[in-house]
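S.K.: Got a file for you: protein28.cif, mmCIF, C-alpha atoms.
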```cif
data_final
#
loop_
_atom_site.label_atom_id
_atom_site.label_comp_id
_atom_site.auth_asym_id
_atom_site.auth_seq_id
_atom_site.Cartn_x
_atom_site.Cartn_y
_atom_site.Cartn_z
CA MET R 1 74.89 128.96 9.42
CA SER R 2 77.31 130.22 12.03
CA THR R 3 79.20 127.37 13.64
CA ILE R 4 81.74 127.37 16.38
CA LEU R 5 82.67 123.90 15.17
CA ASP R 6 83.98 125.44 11.94
CA GLU R 7 85.58 128.34 13.76
CA ALA R 8 87.37 126.67 16.68
CA ASP R 9 90.01 129.36 16.63
CA ARG R 10 87.39 131.87 17.86
CA LEU R 11 86.68 129.66 20.86
CA ALA R 12 90.41 129.32 21.55
CA GLN R 13 90.82 133.10 21.31
CA ARG R 14 87.83 133.65 23.60
CA LEU R 15 89.23 131.32 26.27
CA ARG R 16 92.54 133.17 26.16
CA LEU R 17 90.75 136.53 26.32
CA GLU R 18 88.62 135.46 29.32
CA ARG R 19 91.79 134.33 31.08
CA ASP R 20 93.73 137.48 30.16
CA GLU R 21 90.86 139.79 31.25
CA ARG R 22 91.09 138.27 34.71
CA GLY R 23 94.88 138.44 34.79
CA TRP R 24 95.05 134.66 35.27
CA SER R 25 97.96 132.47 34.27
CA LEU R 26 97.43 129.03 32.77
CA ASN R 27 98.13 127.66 36.27
CA ASP R 28 95.42 129.89 37.78
CA LEU R 29 92.81 128.64 35.31
CA ALA R 30 93.97 125.04 35.74
CA GLU R 31 93.53 125.32 39.52
CA ARG R 32 90.11 126.92 39.28
CA SER R 33 88.76 124.56 36.60
CA GLY R 34 90.40 121.23 37.38
CA VAL R 35 91.62 121.08 33.76
CA SER R 36 95.33 120.50 33.25
CA ARG R 37 97.55 123.40 32.28
CA ALA R 38 98.79 121.40 29.28
CA MET R 39 95.24 120.80 28.00
CA ILE R 40 94.27 124.46 28.41
CA SER R 41 97.39 125.47 26.50
CA LYS R 42 96.59 123.03 23.68
CA ILE R 43 93.02 124.35 23.43
CA GLU R 44 94.16 127.97 23.37
CA ARG R 45 96.64 127.14 20.58
CA GLY R 46 93.94 125.31 18.61
CA GLU R 47 95.75 121.97 18.93
CA ALA R 48 92.96 120.23 20.87
CA SER R 49 89.19 120.25 20.54
CA PRO R 50 87.59 120.49 24.00
CA THR R 51 84.77 118.21 25.07
CA ALA R 52 81.51 119.54 26.50
CA ALA R 53 82.47 118.47 30.02
CA LEU R 54 85.83 120.21 29.73
CA LEU R 55 84.28 123.42 28.36
CA VAL R 56 81.77 123.42 31.22
CA ARG R 57 84.64 123.23 33.71
CA LEU R 58 86.39 126.16 32.03
CA ALA R 59 83.21 128.23 31.75
CA THR R 60 82.37 127.59 35.41
CA ALA R 61 85.85 128.72 36.45
CA PHE R 62 85.07 132.03 34.71
CA ASP R 63 81.63 132.17 36.45
CA LEU R 64 79.97 131.72 33.05
CA THR R 65 77.55 129.17 31.67
CA LEU R 66 78.68 127.12 28.69
CA ALA R 67 76.17 129.00 26.52
CA THR R 68 77.58 132.36 27.59
CA LEU R 69 81.13 131.26 26.85
CA LEU R 70 80.12 129.99 23.40
CA LEU R 71 78.07 133.13 22.76
CA ARG R 72 81.04 135.33 23.64
CA ALA R 73 83.18 133.31 21.23
CA GLU R 74 80.58 133.77 18.50
CA ALA R 75 79.68 137.45 19.18
CA ASP R 76 76.49 138.98 20.53
CA ALA R 77 73.63 138.67 18.05
CA GLY R 78 71.25 141.04 19.82
CA ARG R 79 67.66 140.31 20.77
CA VAL R 80 66.75 138.30 17.66
CA ARG R 81 68.58 135.07 16.92
CA ARG R 82 67.72 133.92 13.39
CA ALA R 83 67.81 130.15 12.83
CA ALA R 84 70.62 130.52 10.30
CA ASP R 85 72.70 132.44 12.87
CA GLN R 86 72.29 130.06 15.80
CA PRO R 87 75.75 128.67 16.50
CA LEU R 88 76.35 124.93 16.47
CA TRP R 89 78.99 123.08 18.40
CA ARG R 90 79.81 119.37 18.24
CA ASP R 91 81.26 117.59 21.26
CA PRO R 92 84.26 115.64 19.95
CA ALA R 93 83.88 112.95 22.62
CA SER R 94 80.18 112.06 22.35
CA GLY R 95 79.28 113.53 18.96
CA TYR R 96 76.39 115.46 20.43
CA VAL R 97 75.43 118.62 18.56
CA ARG R 98 74.46 121.71 20.52
CA ARG R 99 72.49 124.54 18.89
CA GLN R 100 72.48 127.77 20.89
CA VAL R 101 68.89 128.84 20.18
CA PHE R 102 69.08 131.90 22.42
CA ALA R 103 71.43 133.45 24.94
CA GLY R 104 72.03 137.11 25.51
CA PRO R 105 74.04 139.14 27.98
CA ALA R 106 70.93 141.05 29.13
CA SER R 107 68.78 137.93 29.57
CA PRO R 108 68.98 135.49 32.50
CA ILE R 109 67.46 132.78 30.27
CA GLU R 110 69.21 130.56 27.73
CA LEU R 111 67.68 128.04 25.32
CA THR R 112 69.76 125.25 23.84
CA GLU R 113 68.70 122.42 21.54
CA VAL R 114 70.79 119.25 21.76
CA GLU R 115 70.89 116.17 19.56
CA LEU R 116 72.43 113.26 21.43
CA PRO R 117 73.48 110.32 19.23
CA PRO R 118 72.45 106.74 20.07
CA GLY R 119 74.61 105.23 22.80
CA ALA R 120 76.16 108.59 23.77
CA ARG R 121 76.58 109.85 27.31
CA VAL R 122 77.80 113.25 28.50
CA ASP R 123 78.83 113.75 32.13
CA PHE R 124 78.89 117.10 33.93
CA PRO R 125 80.30 117.84 37.38
CA ALA R 126 78.12 119.34 40.12
CA SER R 127 80.16 122.55 39.87
CA SER R 128 78.68 123.22 36.42
CA TYR R 129 75.26 123.69 38.06
CA ALA R 130 76.47 125.97 40.88
CA PHE R 131 74.84 129.17 39.62
CA ILE R 132 72.14 127.95 37.23
CA ARG R 133 68.80 126.19 37.20
CA GLN R 134 67.68 124.15 34.21
CA VAL R 135 64.76 122.24 32.80
CA VAL R 136 65.08 119.69 29.99
CA TRP R 137 62.22 118.99 27.57
CA VAL R 138 62.55 115.95 25.30
CA ILE R 139 61.47 116.79 21.75
CA ALA R 140 62.13 113.40 20.11
CA GLY R 141 63.53 110.07 21.22
CA ASP R 142 64.38 108.84 24.70
CA LEU R 143 66.74 110.38 27.26
CA VAL R 144 68.11 109.11 30.55
CA ILE R 145 69.14 111.73 33.08
CA HIS R 146 71.46 110.75 35.89
CA GLU R 147 71.45 113.32 38.69
CA GLY R 148 73.51 112.25 41.67
CA PRO R 149 72.34 108.70 42.49
CA GLU R 150 68.99 109.17 40.73
CA ARG R 151 68.27 107.81 37.23
CA THR R 152 65.24 109.13 35.34
CA GLU R 153 64.02 107.88 31.96
CA LEU R 154 62.27 110.43 29.74
CA CYS R 155 60.33 110.05 26.49
CA ALA R 156 59.27 112.61 23.86
CA GLY R 157 57.18 115.30 25.52
CA ASP R 158 58.52 114.67 29.04
CA ALA R 159 60.23 117.45 31.01
CA TYR R 160 62.69 117.26 33.88
CA ALA R 161 63.68 119.99 36.36
CA PHE R 162 67.12 119.65 37.91
CA GLY R 163 67.48 120.03 41.67
CA GLU R 164 70.44 121.20 43.73
CA PRO R 165 73.87 120.85 42.09
CA ALA R 166 74.96 117.22 41.72
CA ASP R 167 77.17 115.28 39.33
CA SER R 168 74.90 114.64 36.35
CA ALA R 169 74.82 112.88 33.00
CA PHE R 170 72.69 112.90 29.87
CA GLU R 171 72.49 109.47 28.23
CA ASN R 172 70.86 108.15 25.09
CA ALA R 173 70.57 104.40 25.66
CA ALA R 174 68.24 104.00 22.63
CA CYS R 175 69.05 103.11 19.01
CA ALA R 176 67.84 106.46 17.60
CA PRO R 177 69.03 110.03 18.18
CA CYS R 178 67.43 112.04 20.97
CA ARG R 179 66.61 115.75 20.62
CA TYR R 180 65.92 117.87 23.65
CA LEU R 181 65.68 121.50 24.68
CA VAL R 182 67.50 122.86 27.72
CA ALA R 183 65.95 125.97 29.28
CA LEU R 184 68.42 127.48 31.70
CA SER R 185 68.20 130.43 34.06
CA ARG R 186 71.08 132.01 35.89
CA ARG R 187 70.64 132.38 39.64
#
```
Let me see the file written as C-alpha coordinates.

M.R.:
Amino acid sequence: MSTILDEADRLAQRLRLERDERGWSLNDLAERSGVSRAMISKIERGEASPTAALLVRLATAFDLTLATLLLRAEADAGRVRRAADQPLWRDPASGYVRRQVFAGPASPIELTEVELPPGARVDFPASSYAFIRQVVWVIAGDLVIHEGPERTELCAGDAYAFGEPADSAFENAACAPCRYLVALSRR
(Lines of atoms letter the chains of each structure in order from A and count residues from 1; the text may use other names and numbers.)
(Lines give C-alpha, C1' and ligand atoms only; values in the text may rest on other atoms or scores of the structure.)
Protein backbone atom coordinates (compact mmCIF):
# COMPACT_ATOMS: atom_id res chain seq x y z
CA MET A 1 0.00 0.00 0.00
CA SER A 2 1.26 3.45 -0.87
CA THR A 3 1.41 5.66 2.19
CA ILE A 4 2.38 9.26 2.55
CA LEU A 5 2.79 8.51 6.25
CA ASP A 6 5.75 6.26 5.40
CA GLU A 7 7.09 8.68 2.83
CA ALA A 8 6.88 12.05 4.60
CA ASP A 9 9.88 13.26 2.66
CA ARG A 10 7.76 13.24 -0.53
CA LEU A 11 5.24 15.55 1.13
CA ALA A 12 8.04 17.83 2.32
CA GLN A 13 9.50 17.90 -1.20
CA ARG A 14 6.08 18.61 -2.70
CA LEU A 15 5.48 21.56 -0.37
CA ARG A 16 8.85 23.00 -1.32
CA LEU A 17 8.14 22.42 -5.02
CA GLU A 18 4.71 24.11 -4.81
CA ARG A 19 6.34 27.09 -3.11
CA ASP A 20 9.25 27.22 -5.57
CA GLU A 21 6.93 26.95 -8.61
CA ARG A 22 5.19 30.11 -7.44
CA GLY A 23 8.45 31.89 -6.66
CA TRP A 24 7.38 32.30 -3.03
CA SER A 25 9.73 32.66 -0.10
CA LEU A 26 9.03 31.00 3.24
CA ASN A 27 7.72 34.40 4.38
CA ASP A 28 5.33 34.59 1.41
CA LEU A 29 3.84 31.17 2.21
CA ALA A 30 3.69 31.99 5.93
CA GLU A 31 1.72 35.17 5.18
CA ARG A 32 -0.68 33.45 2.81
CA SER A 33 -1.28 30.39 5.01
CA GLY A 34 -1.11 31.74 8.55
CA VAL A 35 1.50 29.06 9.35
CA SER A 36 4.75 30.27 10.88
CA ARG A 37 7.85 30.48 8.74
CA ALA A 38 9.71 28.31 11.27
CA MET A 39 7.07 25.55 11.09
CA ILE A 40 7.03 25.57 7.28
CA SER A 41 10.81 25.31 7.26
CA LYS A 42 10.73 22.37 9.70
CA ILE A 43 8.12 20.57 7.57
CA GLU A 44 10.10 21.12 4.36
CA ARG A 45 13.23 19.73 6.06
CA GLY A 46 11.30 16.71 7.34
CA GLU A 47 11.83 17.72 10.98
CA ALA A 48 8.12 18.15 11.78
CA SER A 49 5.04 16.15 10.85
CA PRO A 50 2.20 18.53 9.88
CA THR A 51 -1.30 18.14 11.28
CA ALA A 52 -4.36 17.98 9.05
CA ALA A 53 -5.38 21.53 9.97
CA LEU A 54 -1.91 22.83 9.15
CA LEU A 55 -1.78 20.99 5.82
CA VAL A 56 -5.20 22.40 4.90
CA ARG A 57 -3.89 25.92 5.56
CA LEU A 58 -0.87 25.28 3.34
CA ALA A 59 -2.92 23.65 0.58
CA THR A 60 -5.42 26.52 0.63
CA ALA A 61 -2.60 29.04 0.30
CA PHE A 62 -1.62 27.23 -2.91
CA ASP A 63 -5.31 27.23 -4.07
CA LEU A 64 -5.34 23.44 -3.72
CA THR A 65 -7.48 21.05 -1.72
CA LEU A 66 -5.75 18.85 0.83
CA ALA A 67 -6.44 15.83 -1.40
CA THR A 68 -4.81 17.50 -4.40
CA LEU A 69 -1.74 18.42 -2.38
CA LEU A 70 -1.42 14.85 -1.07
CA LEU A 71 -2.05 13.44 -4.54
CA ARG A 72 0.69 15.61 -6.01
CA ALA A 73 3.04 14.39 -3.29
CA GLU A 74 2.15 10.79 -4.12
CA ALA A 75 2.06 11.08 -7.95
CA ASP A 76 -0.87 10.88 -10.35
CA ALA A 77 -2.30 7.37 -10.51
CA GLY A 78 -4.50 7.94 -13.56
CA ARG A 79 -8.19 7.14 -13.85
CA VAL A 80 -8.13 3.91 -11.82
CA ARG A 81 -7.09 3.99 -8.19
CA ARG A 82 -6.58 0.42 -6.94
CA ALA A 83 -7.25 -0.13 -3.24
CA ALA A 84 -3.63 -1.10 -2.65
CA ASP A 85 -2.48 2.17 -4.23
CA GLN A 86 -4.75 4.54 -2.33
CA PRO A 87 -2.46 6.70 -0.20
CA LEU A 88 -2.93 6.84 3.55
CA TRP A 89 -2.01 9.71 5.80
CA ARG A 90 -2.22 9.84 9.60
CA ASP A 91 -2.78 13.15 11.38
CA PRO A 92 -0.15 13.28 14.14
CA ALA A 93 -2.37 15.43 16.37
CA SER A 94 -5.66 13.49 16.34
CA GLY A 95 -4.54 10.10 15.02
CA TYR A 96 -7.16 10.15 12.30
CA VAL A 97 -6.32 8.13 9.21
CA ARG A 98 -7.19 9.51 5.80
CA ARG A 99 -7.41 7.25 2.74
CA GLN A 100 -7.45 9.11 -0.57
CA VAL A 101 -9.92 6.88 -2.43
CA PHE A 102 -9.94 9.04 -5.54
CA ALA A 103 -8.62 12.39 -6.71
CA GLY A 104 -7.39 13.27 -10.14
CA PRO A 105 -6.22 16.43 -11.85
CA ALA A 106 -8.89 16.09 -14.57
CA SER A 107 -11.75 15.44 -12.13
CA PRO A 108 -13.51 18.08 -10.02
CA ILE A 109 -14.56 15.34 -7.57
CA GLU A 110 -12.53 13.80 -4.74
CA LEU A 111 -13.44 10.90 -2.46
CA THR A 112 -11.75 10.44 0.89
CA GLU A 113 -12.39 7.85 3.58
CA VAL A 114 -11.53 8.90 7.13
CA GLU A 115 -11.30 6.91 10.34
CA LEU A 116 -11.58 9.20 13.35
CA PRO A 117 -10.48 7.63 16.65
CA PRO A 118 -12.69 7.83 19.77
CA GLY A 119 -12.44 11.20 21.49
CA ALA A 120 -10.66 12.85 18.54
CA ARG A 121 -11.52 16.23 17.08
CA VAL A 122 -10.10 17.92 13.99
CA ASP A 123 -10.68 21.64 13.41
CA PHE A 124 -10.54 23.36 10.02
CA PRO A 125 -10.66 27.10 9.32
CA ALA A 126 -13.34 28.59 7.06
CA SER A 127 -10.63 29.37 4.49
CA SER A 128 -10.20 25.65 3.82
CA TYR A 129 -13.72 25.58 2.36
CA ALA A 130 -13.33 28.69 0.18
CA PHE A 131 -13.32 26.92 -3.17
CA ILE A 132 -14.90 23.54 -2.44
CA ARG A 133 -18.22 21.96 -1.56
CA GLN A 134 -18.40 18.73 0.41
CA VAL A 135 -20.78 16.10 1.67
CA VAL A 136 -19.95 13.68 4.49
CA TRP A 137 -21.51 10.21 4.68
CA VAL A 138 -21.04 8.26 7.92
CA ILE A 139 -20.17 4.62 7.20
CA ALA A 140 -19.79 3.37 10.78
CA GLY A 141 -19.96 4.91 14.23
CA ASP A 142 -21.09 8.37 15.29
CA LEU A 143 -19.80 11.75 14.14
CA VAL A 144 -20.41 15.27 15.38
CA ILE A 145 -19.95 18.06 12.86
CA HIS A 146 -19.46 21.60 14.10
CA GLU A 147 -20.03 24.15 11.35
CA GLY A 148 -19.86 27.71 12.60
CA PRO A 149 -22.16 27.82 15.65
CA GLU A 150 -24.14 24.75 14.54
CA ARG A 151 -23.57 21.27 16.02
CA THR A 152 -24.98 18.25 14.17
CA GLU A 153 -24.86 14.65 15.41
CA LEU A 154 -24.71 11.95 12.74
CA CYS A 155 -25.03 8.16 12.94
CA ALA A 156 -24.10 5.40 10.47
CA GLY A 157 -25.91 6.01 7.19
CA ASP A 158 -26.48 9.74 7.79
CA ALA A 159 -25.15 12.33 5.34
CA TYR A 160 -24.36 16.00 5.85
CA ALA A 161 -23.89 18.73 3.22
CA PHE A 162 -21.71 21.66 4.25
CA GLY A 163 -22.96 25.19 3.60
CA GLU A 164 -21.03 28.39 3.00
CA PRO A 165 -17.45 28.46 4.36
CA ALA A 166 -17.31 28.54 8.16
CA ASP A 167 -14.88 27.35 10.81
CA SER A 168 -15.68 23.65 11.16
CA ALA A 169 -14.74 20.59 13.17
CA PHE A 170 -15.17 16.83 12.93
CA GLU A 171 -15.53 15.20 16.35
CA ASN A 172 -15.90 11.62 17.52
CA ALA A 173 -17.40 11.90 21.01
CA ALA A 174 -18.15 8.14 21.11
CA CYS A 175 -16.10 5.26 22.52
CA ALA A 176 -15.62 3.54 19.13
CA PRO A 177 -13.92 4.69 15.94
CA CYS A 178 -15.98 6.50 13.33
CA ARG A 179 -15.55 5.91 9.58
CA TYR A 180 -16.91 8.35 7.07
CA LEU A 181 -16.61 9.25 3.41
CA VAL A 182 -16.03 12.83 2.26
CA ALA A 183 -17.22 13.59 -1.28
CA LEU A 184 -15.77 16.90 -2.36
CA SER A 185 -16.22 18.99 -5.49
CA ARG A 186 -14.14 21.96 -6.48
CA ARG A 187 -16.07 25.11 -7.31

S.K.: Written as a list in words, what is the full residue list that the PyMOL selection byres ((chain R and resi 50) around 9) yields on the file shown?

M.R.: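 Against this file, the PyMOL selection byres ((chain R and resi 50) around 9) returns the residues Met39, Ile40, Ile43, Ala48, Ser49, Thr51, Ala52, Ala53, Leu54, Leu55, Asp91, Pro92 and Ala93 of chain R.
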
S.K.: Determine, counting all atoms listed in the file, which protein, DNA and RNA residues have an atom within 8 Å of an atom of stretch 126-137 of chain R; residues of the same chain fewer than 6 positions away are not included. Present the result as a CSV table (one decimal) with C-alpha atoms, keeping the file's coordinate frame.

M.R.:
```
chain,number,residue,atom,x,y,z
R,56,VAL,CA,81.8,123.4,31.2
R,57,ARG,CA,84.6,123.2,33.7
R,60,THR,CA,82.4,127.6,35.4
R,65,THR,CA,77.6,129.2,31.7
R,156,ALA,CA,59.3,112.6,23.9
R,157,GLY,CA,57.2,115.3,25.5
R,158,ASP,CA,58.5,114.7,29.0
R,159,ALA,CA,60.2,117.4,31.0
R,160,TYR,CA,62.7,117.3,33.9
R,161,ALA,CA,63.7,120.0,36.4
R,162,PHE,CA,67.1,119.6,37.9
R,163,GLY,CA,67.5,120.0,41.7
R,164,GLU,CA,70.4,121.2,43.7
R,165,PRO,CA,73.9,120.8,42.1
R,166,ALA,CA,75.0,117.2,41.7
R,167,ASP,CA,77.2,115.3,39.3
R,168,SER,CA,74.9,114.6,36.4
R,180,TYR,CA,65.9,117.9,23.6
R,181,LEU,CA,65.7,121.5,24.7
R,182,VAL,CA,67.5,122.9,27.7
R,183,ALA,CA,66.0,126.0,29.3
R,184,LEU,CA,68.4,127.5,31.7
R,185,SER,CA,68.2,130.4,34.1
R,186,ARG,CA,71.1,132.0,35.9
R,187,ARG,CA,70.6,132.4,39.6
```

S.K.: Expressed in Å to a single decimal, how great is the separation between atom CA of R:Leu71 and atom CA of R:Arg179?

M.R.: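 Pair atom CA of R:Leu71 / atom CA of R:Arg179 returns 20.9 Å.
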
S.K.: Extending 3 Å beyond the listed atoms of stretch 86-91 of chain R on each side, what axis-aligned box results? I want centre and edge lengths in Å to one decimal, as lines of an AutoDock Vina configuration file.

M.R.:
```
center_x = 76.8
center_y = 123.8
center_z = 18.5
size_x = 15.0
size_y = 18.5
size_z = 11.5
```

S.K.: Smallest atom-to-atom distance to R:Cys178: which of R:Val97, R:Ser107, R:Pro125, R:Ser25, using all atoms listed in the file?

M.R.: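 With all atoms listed in the file as the atom set, the closest residue is R:Val97.
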
S.K.: Go through R:Gly46, R:Gly23, R:Pro118, R:Pro87 one by one, measure the shortest atom-to-atom distance of each to R:Asp9 using all atoms listed in the file, and give the residue with the smallest value.

M.R.: R:Gly46

S.K.: Which residues, named as in the file, does the PyMOL selection byres ((chain R and resi 151) around 12) pick out? Answer as a list in words.

M.R.: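 Residues picked by the PyMOL selection byres ((chain R and resi 151) around 12): Leu143, Val144, Ile145, His146, Glu147, Gly148, Pro149, Glu150, Thr152, Glu153, Leu154, Tyr160, Phe162, Asp167, Ser168, Ala169, Phe170 and Glu171 of chain R.
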
S.K.: Which is closer to R:Arg45 than all the others in R:Leu69, R:Ile109, R:Ala12, R:Leu26, using all atoms listed in the file?

M.R.: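 Answer, going by the shortest atom-to-atom distance: R:Ala12.
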
S.K.: Kindly indicate which residue among R:Glu18, R:Asp28, R:Arg37, R:Glu47 lies nearest to R:Leu64, using all atoms listed in the file for the distances.

M.R.: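 The answer is R:Glu18, which sits nearest to R:Leu64.
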
S.K.: Which one of R:Ala83, R:Asn172, R:Phe62, R:Thr68 sits closest to R:Gly95 if you count all atoms listed in the file?

M.R.: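 For R:Gly95, the nearest of the given residues is R:Asn172.
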
S.K.: Measure the distance from atom CA of R:Gln86 to atom CA of R:Glu110 in Å and round it to one decimal.

M.R.: 12.3 Å

S.K.: Which value, in Å to one decimal, gives the distance between atom CA of R:Pro177 and atom CA of R:Tyr96?

M.R.: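 Computing the Euclidean distance for atom CA of R:Pro177 and atom CA of R:Tyr96 yields 9.4 Å.
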
S.K.: Could you check which of R:Asp142, R:Glu44, R:Asp63, R:Asp85 is closest to R:Leu15, using only C-alpha atoms?

M.R.: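 Of all the options, R:Glu44 lies closest to R:Leu15.
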
S.K.: Quick check on the file I pasted: which residues fall under the PyMOL selection byres ((chain R and resi 31-34) around 7)? Write them as a ChimeraX atom specification.

M.R.: /R:27-30,35-36,57-58,61

S.K.: Atoms are missing here; could stretch 71-103 of chain R be completed with N, CA and C atoms and written as a short mmCIF file (atom, residue, chain, number, x, y, z; two decimals), keeping the file's coordinate frame?

M.R.:
```
data_model
loop_
_atom_site.label_atom_id
_atom_site.label_comp_id
_atom_site.auth_asym_id
_atom_site.auth_seq_id
_atom_site.Cartn_x
_atom_site.Cartn_y
_atom_site.Cartn_z
N LEU R 71 78.62 131.91 23.34
CA LEU R 71 78.07 133.13 22.76
C LEU R 71 79.15 134.21 22.65
N ARG R 72 79.97 134.34 23.68
CA ARG R 72 81.04 135.33 23.64
C ARG R 72 82.05 134.99 22.54
N ALA R 73 82.26 133.72 22.30
CA ALA R 73 83.18 133.31 21.23
C ALA R 73 82.58 133.64 19.86
N GLU R 74 81.27 133.54 19.77
CA GLU R 74 80.58 133.77 18.50
C GLU R 74 80.37 135.25 18.23
N ALA R 75 79.99 136.00 19.23
CA ALA R 75 79.68 137.45 19.18
C ALA R 75 78.20 137.63 19.46
N ASP R 76 77.87 138.70 20.13
CA ASP R 76 76.49 138.98 20.53
C ASP R 76 75.63 139.24 19.29
N ALA R 77 74.51 138.53 19.20
CA ALA R 77 73.63 138.67 18.05
C ALA R 77 72.45 139.59 18.32
N GLY R 78 72.36 140.16 19.51
CA GLY R 78 71.25 141.04 19.82
C GLY R 78 70.04 140.28 20.33
N ARG R 79 68.87 140.90 20.21
CA ARG R 79 67.66 140.31 20.77
C ARG R 79 67.04 139.26 19.87
N VAL R 80 67.31 139.29 18.58
CA VAL R 80 66.75 138.30 17.66
C VAL R 80 67.87 137.35 17.26
N ARG R 81 67.59 136.06 17.34
CA ARG R 81 68.58 135.07 16.92
C ARG R 81 67.95 134.26 15.80
N ARG R 82 68.25 134.62 14.56
CA ARG R 82 67.72 133.92 13.39
C ARG R 82 68.24 132.48 13.36
N ALA R 83 67.42 131.57 12.88
CA ALA R 83 67.81 130.15 12.83
C ALA R 83 69.15 129.96 12.14
N ALA R 84 69.37 130.68 11.05
CA ALA R 84 70.62 130.52 10.30
C ALA R 84 71.83 131.05 11.07
N ASP R 85 71.60 131.85 12.11
CA ASP R 85 72.70 132.44 12.87
C ASP R 85 72.91 131.78 14.23
N GLN R 86 72.14 130.74 14.52
CA GLN R 86 72.29 130.06 15.80
C GLN R 86 73.51 129.15 15.74
N PRO R 87 74.51 129.44 16.59
CA PRO R 87 75.75 128.67 16.50
C PRO R 87 75.57 127.21 16.89
N LEU R 88 76.30 126.37 16.19
CA LEU R 88 76.35 124.93 16.47
C LEU R 88 77.71 124.59 17.03
N TRP R 89 77.73 123.60 17.88
CA TRP R 89 78.99 123.08 18.40
C TRP R 89 78.83 121.58 18.56
N ARG R 90 79.83 120.83 18.11
CA ARG R 90 79.81 119.37 18.24
C ARG R 90 80.83 118.94 19.28
N ASP R 91 80.38 118.13 20.24
CA ASP R 91 81.26 117.59 21.26
C ASP R 91 82.10 116.48 20.62
N PRO R 92 83.43 116.65 20.61
CA PRO R 92 84.26 115.64 19.95
C PRO R 92 84.23 114.28 20.63
N ALA R 93 83.90 114.23 21.91
CA ALA R 93 83.88 112.95 22.62
C ALA R 93 82.62 112.15 22.36
N SER R 94 81.45 112.78 22.47
CA SER R 94 80.18 112.06 22.35
C SER R 94 79.52 112.22 20.98
N GLY R 95 79.92 113.26 20.24
CA GLY R 95 79.28 113.53 18.96
C GLY R 95 77.99 114.31 19.09
N TYR R 96 77.63 114.72 20.31
CA TYR R 96 76.39 115.46 20.43
C TYR R 96 76.54 116.83 19.79
N VAL R 97 75.43 117.31 19.23
CA VAL R 97 75.43 118.62 18.56
C VAL R 97 74.56 119.55 19.38
N ARG R 98 75.10 120.70 19.67
CA ARG R 98 74.46 121.71 20.52
C ARG R 98 74.16 122.94 19.68
N ARG R 99 72.90 123.32 19.60
CA ARG R 99 72.49 124.54 18.89
C ARG R 99 72.11 125.57 19.95
N GLN R 100 72.80 126.71 19.95
CA GLN R 100 72.48 127.77 20.89
C GLN R 100 71.32 128.57 20.32
N VAL R 101 70.09 128.20 20.70
CA VAL R 101 68.89 128.84 20.18
C VAL R 101 68.84 130.30 20.63
N PHE R 102 69.06 130.52 21.93
CA PHE R 102 69.08 131.90 22.42
C PHE R 102 69.91 132.00 23.68
N ALA R 103 70.71 133.03 23.74
CA ALA R 103 71.43 133.45 24.94
C ALA R 103 71.83 134.89 24.69
#
```
